file query.cif (mmCIF, C-alpha atoms)
data_input
loop_
_atom_site.group_PDB
_atom_site.id
_atom_site.type_symbol
_atom_site.label_atom_id
_atom_site.label_comp_id
_atom_site.auth_asym_id
_atom_site.auth_seq_id
_atom_site.Cartn_x
_atom_site.Cartn_y
_atom_site.Cartn_z
ATOM 1 C CA MET Z 82 -26.865 14.263 79.128
ATOM 2 C CA LEU Z 83 -26.934 13.821 82.900
ATOM 3 C CA SER Z 84 -29.708 11.747 84.401
ATOM 4 C CA ALA Z 85 -31.756 12.861 87.406
ATOM 5 C CA ASN Z 86 -29.868 10.293 89.494
ATOM 6 C CA SER Z 87 -26.510 11.790 88.427
ATOM 7 C CA ILE Z 88 -27.671 15.308 89.274
ATOM 8 C CA THR Z 89 -28.903 14.149 92.688
ATOM 9 C CA SER Z 90 -25.564 12.464 93.373
ATOM 10 C CA PHE Z 91 -23.676 15.568 92.280
ATOM 11 C CA VAL Z 92 -25.755 17.848 94.531
ATOM 12 C CA THR Z 93 -25.217 15.452 97.457
ATOM 13 C CA ALA Z 94 -21.445 15.489 96.866
ATOM 14 C CA LEU Z 95 -21.463 19.288 96.634
ATOM 15 C CA ILE Z 96 -23.394 19.662 99.887
ATOM 16 C CA CYS Z 97 -21.025 17.271 101.689
ATOM 17 C CA THR Z 98 -18.003 19.184 100.402
ATOM 18 C CA LEU Z 99 -19.444 22.561 101.374
ATOM 19 C CA SER Z 100 -20.386 21.343 104.850
ATOM 20 C CA CYS Z 101 -16.824 20.101 105.281
ATOM 21 C CA ILE Z 102 -15.491 23.537 104.343
ATOM 22 C CA ALA Z 103 -17.993 25.263 106.638
ATOM 23 C CA ASP Z 104 -17.016 22.968 109.530
ATOM 24 C CA ALA Z 105 -13.345 23.819 109.047
ATOM 25 C CA ASN Z 106 -14.141 27.538 109.258
ATOM 26 C CA ALA Z 107 -16.426 27.331 112.292
ATOM 27 C CA GLY Z 108 -13.783 28.757 114.613
ATOM 28 C CA ILE Z 109 -10.496 27.833 116.184
ATOM 29 C CA ASP Z 110 -9.759 26.302 119.577
ATOM 30 C CA CYS Z 111 -7.281 28.314 121.644
ATOM 31 C CA PHE Z 112 -5.737 28.174 125.075
ATOM 32 C CA LYS Z 113 -7.011 31.030 127.255
ATOM 33 C CA CYS Z 114 -5.211 32.058 130.422
ATOM 34 C CA VAL Z 115 -3.367 34.879 132.159
ATOM 35 C CA SER Z 116 -0.309 34.719 134.364
ATOM 36 C CA LEU Z 117 1.071 37.741 136.153
ATOM 37 C CA GLU Z 118 4.489 37.400 137.765
ATOM 38 C CA TRP Z 119 4.579 33.597 137.200
ATOM 39 C CA GLN Z 120 1.514 32.939 139.402
ATOM 40 C CA ASN Z 121 -0.226 30.671 136.881
ATOM 41 C CA ARG Z 122 2.538 28.206 135.914
ATOM 42 C CA ALA Z 123 0.170 26.230 133.657
ATOM 43 C CA CYS Z 124 -0.057 29.334 131.454
ATOM 44 C CA ASP Z 125 3.608 30.357 131.442
ATOM 45 C CA ASP Z 126 6.379 29.140 129.160
ATOM 46 C CA PRO Z 127 7.578 26.510 128.828
ATOM 47 C CA PHE Z 128 4.005 25.520 128.041
ATOM 48 C CA HIS Z 129 3.042 21.876 128.461
ATOM 49 C CA ASN Z 130 -0.500 21.116 127.367
ATOM 50 C CA ASN Z 131 -0.469 17.738 129.147
ATOM 51 C CA PHE Z 132 -2.409 19.139 132.094
ATOM 52 C CA SER Z 133 -4.000 22.206 130.522
ATOM 53 C CA SER Z 134 -7.217 20.884 128.973
ATOM 54 C CA GLY Z 135 -9.098 23.233 131.282
ATOM 55 C CA LEU Z 136 -7.362 26.139 129.544
ATOM 56 C CA LEU Z 137 -8.539 25.148 126.051
ATOM 57 C CA GLU Z 138 -11.638 27.000 124.873
ATOM 58 C CA SER Z 139 -13.456 25.188 122.075
ATOM 59 C CA PRO Z 140 -14.372 27.053 119.964
ATOM 60 C CA CYS Z 141 -12.664 30.177 121.200
ATOM 61 C CA MET Z 142 -14.919 33.224 121.023
ATOM 62 C CA GLY Z 143 -13.812 36.826 120.687
ATOM 63 C CA GLY Z 144 -15.191 40.301 120.299
ATOM 64 C CA ARG Z 145 -15.363 42.074 116.971
ATOM 65 C CA LYS Z 146 -14.730 45.763 116.495
ATOM 66 C CA GLY Z 147 -17.963 47.690 116.026
ATOM 67 C CA ARG Z 148 -20.183 44.715 116.897
ATOM 68 C CA ASN Z 149 -21.889 43.470 120.050
ATOM 69 C CA GLY Z 150 -21.481 39.893 121.213
ATOM 70 C CA LEU Z 151 -18.898 37.202 120.700
ATOM 71 C CA PHE Z 152 -17.933 35.492 117.460
ATOM 72 C CA PRO Z 153 -15.896 32.375 116.573
ATOM 73 C CA ALA Z 154 -12.245 33.390 116.611
ATOM 74 C CA THR Z 155 -10.019 33.158 113.558
ATOM 75 C CA ALA Z 156 -6.651 33.139 115.348
ATOM 76 C CA CYS Z 157 -4.980 32.316 118.645
ATOM 77 C CA ILE Z 158 -2.712 34.860 120.310
ATOM 78 C CA LYS Z 159 0.053 34.743 122.897
ATOM 79 C CA LEU Z 160 1.538 37.775 124.605
ATOM 80 C CA THR Z 161 4.618 37.520 126.808
ATOM 81 C CA GLY Z 162 6.717 40.275 128.253
ATOM 82 C CA TYR Z 163 7.406 42.626 131.123
ATOM 83 C CA TYR Z 164 5.490 45.722 132.165
ATOM 84 C CA LYS Z 165 7.964 48.548 131.698
ATOM 85 C CA THR Z 166 6.904 50.503 134.808
ATOM 86 C CA THR Z 167 6.789 47.629 137.321
ATOM 87 C CA GLY Z 168 9.018 44.967 135.777
ATOM 88 C CA GLN Z 169 6.286 42.364 136.354
ATOM 89 C CA HIS Z 170 6.219 39.441 133.942
ATOM 90 C CA VAL Z 171 2.950 38.847 132.074
ATOM 91 C CA THR Z 172 1.750 35.971 129.869
ATOM 92 C CA VAL Z 173 -1.619 36.077 128.142
ATOM 93 C CA ARG Z 174 -2.993 33.356 125.867
ATOM 94 C CA GLY Z 175 -6.276 33.893 124.096
ATOM 95 C CA CYS Z 176 -7.984 34.362 120.769
ATOM 96 C CA ALA Z 177 -9.096 37.102 118.439
ATOM 97 C CA LEU Z 178 -10.707 37.567 115.100
ATOM 98 C CA ASP Z 179 -10.044 39.774 112.154
ATOM 99 C CA SER Z 180 -12.585 42.575 112.177
ATOM 100 C CA GLY Z 181 -12.096 43.208 108.491
ATOM 101 C CA THR Z 182 -10.530 46.660 108.650
ATOM 102 C CA LEU Z 183 -7.878 47.618 106.141
ATOM 103 C CA THR Z 184 -5.250 48.645 108.690
ATOM 104 C CA THR Z 185 -2.928 46.226 110.450
ATOM 105 C CA ASP Z 186 -2.242 48.578 113.342
ATOM 106 C CA THR Z 187 -5.546 47.629 114.985
ATOM 107 C CA GLU Z 188 -5.695 44.011 113.836
ATOM 108 C CA ILE Z 189 -3.342 42.180 116.191
ATOM 109 C CA ILE Z 190 -3.874 38.830 114.502
ATOM 110 C CA ARG Z 191 -2.222 40.070 111.319
ATOM 111 C CA MET Z 192 1.101 41.075 112.848
ATOM 112 C CA SER Z 193 3.201 38.994 115.193
ATOM 113 C CA HIS Z 194 6.059 41.097 116.513
ATOM 114 C CA CYS Z 195 8.448 41.657 119.358
ATOM 115 C CA GLY Z 196 9.268 44.998 120.900
ATOM 116 C CA GLY Z 197 7.228 47.547 122.786
ATOM 117 C CA PHE Z 198 3.446 47.876 122.772
ATOM 118 C CA TYR Z 199 0.574 48.855 125.046
ATOM 119 C CA PHE Z 200 -1.556 46.235 126.794
ATOM 120 C CA ASP Z 201 -4.250 47.227 129.316
ATOM 121 C CA ASP Z 202 -3.004 50.826 129.045
ATOM 122 C CA LYS Z 203 0.451 49.760 130.241
ATOM 123 C CA TYR Z 204 3.636 49.664 128.197
ATOM 124 C CA VAL Z 205 4.951 46.114 127.693
ATOM 125 C CA ASP Z 206 8.340 45.078 126.384
ATOM 126 C CA GLY Z 207 7.816 41.626 124.902
ATOM 127 C CA CYS Z 208 6.324 39.628 122.046
ATOM 128 C CA LEU Z 209 2.845 39.338 120.604
ATOM 129 C CA GLN Z 210 2.330 36.258 118.428
ATOM 130 C CA SER Z 211 -0.676 35.055 116.495
ATOM 131 C CA CYS Z 212 -1.412 31.811 114.665
ATOM 132 C CA ASP Z 213 -4.319 30.397 112.733
ATOM 133 C CA ASP Z 214 -2.984 27.155 111.291
ATOM 134 C CA ALA Z 215 -4.344 24.644 113.840
ATOM 135 C CA ASP Z 216 -6.581 24.332 116.870
ATOM 136 C CA GLY Z 217 -4.691 25.175 120.041
ATOM 137 C CA CYS Z 218 -1.797 26.589 118.031
ATOM 138 C CA ASN Z 219 -0.744 28.686 120.986
ATOM 139 C CA PRO Z 220 0.977 26.020 121.153
ATOM 140 C CA ALA Z 221 0.063 23.751 118.240
ATOM 141 C CA SER Z 222 -2.014 20.605 118.500
ATOM 142 C CA PRO Z 223 -3.622 18.546 115.735
ATOM 143 C CA PRO Z 224 -6.966 19.808 114.401
ATOM 144 C CA LYS Z 225 -9.937 17.955 115.882
ATOM 145 C CA SER Z 226 -11.889 18.034 112.612
ATOM 146 C CA LEU Z 227 -9.318 15.958 110.689
ATOM 147 C CA ASP Z 228 -11.214 12.675 111.229
ATOM 148 C CA THR Z 229 -14.469 14.304 110.110
ATOM 149 C CA THR Z 230 -12.798 15.749 107.022
ATOM 150 C CA LEU Z 231 -11.307 12.388 106.040
ATOM 151 C CA LEU Z 232 -14.630 10.615 106.536
ATOM 152 C CA ILE Z 233 -16.500 13.152 104.403
ATOM 153 C CA MET Z 234 -13.864 12.934 101.679
ATOM 154 C CA LEU Z 235 -14.128 9.114 101.638
ATOM 155 C CA VAL Z 236 -17.867 9.503 101.036
ATOM 156 C CA VAL Z 237 -17.621 12.424 98.576
ATOM 157 C CA MET Z 238 -14.805 11.188 96.313
ATOM 158 C CA PRO Z 239 -16.633 8.066 95.044
ATOM 159 C CA LEU Z 240 -19.698 10.197 94.316
ATOM 160 C CA VAL Z 241 -17.647 12.758 92.401
ATOM 161 C CA ALA Z 242 -15.828 9.990 90.493
ATOM 162 C CA ARG Z 243 -19.175 8.820 89.114
ATOM 163 C CA PHE Z 244 -19.449 12.087 87.170
ATOM 164 C CA ILE Z 245 -16.178 11.701 85.323
ATOM 165 C CA PRO Z 246 -17.068 10.397 81.847
ATOM 166 C CA HIS Z 247 -15.311 7.129 81.125
ATOM 167 C CA GLU Z 248 -13.502 8.649 78.137
ATOM 168 C CA TRP Z 249 -11.805 11.139 80.561
ATOM 169 C CA ALA Z 250 -10.631 8.389 82.851
ATOM 170 C CA PRO Z 251 -7.026 7.275 82.402
ATOM 171 C CA ASP Z 252 -6.478 4.073 80.448
ATOM 172 C CA ALA Z 253 -5.912 1.008 82.539
#
call {"tool": "encode", "arguments": {"input": "query.cif", "output": "structure tokens"}}
result
Amino acid sequence: MLSANSITSFVTALICTLSCIADANAGIDCFKCVSLEWQNRACDDPFHNNFSSGLLESPCMGGRKGRNGLFPATACIKLTGYYKTTGQHVTVRGCALDSGTLTTDTEIIRMSHCGGFYFDDKYVDGCLQSCDDADGCNPASPPKSLDTTLLIMLVVMPLVARFIPHEWAPDA
């Protein structure tokens, strides 16, 4: 039978774990910029984030189909290519979020591809890439919440270990 103290410790550990998960899903940081015909070199490839902290939006916010307002993004995007009609080079870095529809044709974060597509009602020959594995993944940088996650886990694990009955623990 669990004591009231054990239940309190378990609930505390559960809350810490859930807050850690919620913090990790609070949004993604992405670089946001536009460069037309190489006029914003900080945005163009090759991308060096040494001097681009002003381009990083934390957390990156994006619109959601069928909703008003901005929401924490779930992915970073990068578009590079040439406008077919003018030959102008374009680079766009930003963020987006999955609106939850069942079709991938309108959800750009689900399909990185190269080829032809329309952007701002103009035909572009280039690549559209998306990523969601790390903050600033257009290009990648280490997640900022890693230290917080490790700290929470160092607090949570000893609390959780208290609930393991001694007969389940491995023999020493």
call {"tool": "closest_residue", "arguments": {"input": "query.cif", "among": "Z:Thr155, Z:Asn130, Z:Gln169, Z:Ser139", "to": "Z:Ser116", "atoms": "all atoms listed in the file"}}
result
Z:Gln169
call {"tool": "atom_distance", "arguments": {"input": "query.cif", "atom1": "atom CA of Z:Cys111", "atom2": "atom CA of Z:Leu178"}}
result
11.8 Å
call {"tool": "resolve_selection", "arguments": {"input": "query.cif", "expression": "the PyMOL selection byres ((chain Z and resi 168) around 12)", "output": "list in words"}}
result
Leu117, Glu118, Gly162, Tyr163, Tyr164, Lys165, Thr166, Thr167, Gln169, His170, Val171, Lys203, Tyr204, Val205, Asp206 and Gly207 of chain Z
call {"tool": "resolve_selection", "arguments": {"input": "query.cif", "expression": "the PyMOL selection byres ((chain Z and resi 194) around 6)", "output": "PyMOL selection string"}}
result
chain Z and resi 193+195+208-209
call {"tool": "resolve_selection", "arguments": {"input": "query.cif", "expression": "the PyMOL selection byres ((chain Z and resi 142) around 8)", "output": "JSON, numbers by chain"}}
result
{"Z": [108, 140, 141, 143, 144, 151, 152, 153, 154, 176, 177]}
call {"tool": "axis_aligned_box", "arguments": {"input": "query.cif", "around": "stretch 120-128 of chain Z", "padding_each_side": "6 Å", "output": "AutoDock Vina command-line options"}}
result
--center_x 3.7 --center_y 29.2 --center_z 133.7 --size_x 19.8 --size_y 19.4 --size_z 23.4
call {"tool": "atom_distance", "arguments": {"input": "query.cif", "atom1": "atom CA of Z:Gly175", "atom2": "atom CA of Z:Gly147"}}
result
19.8 Å
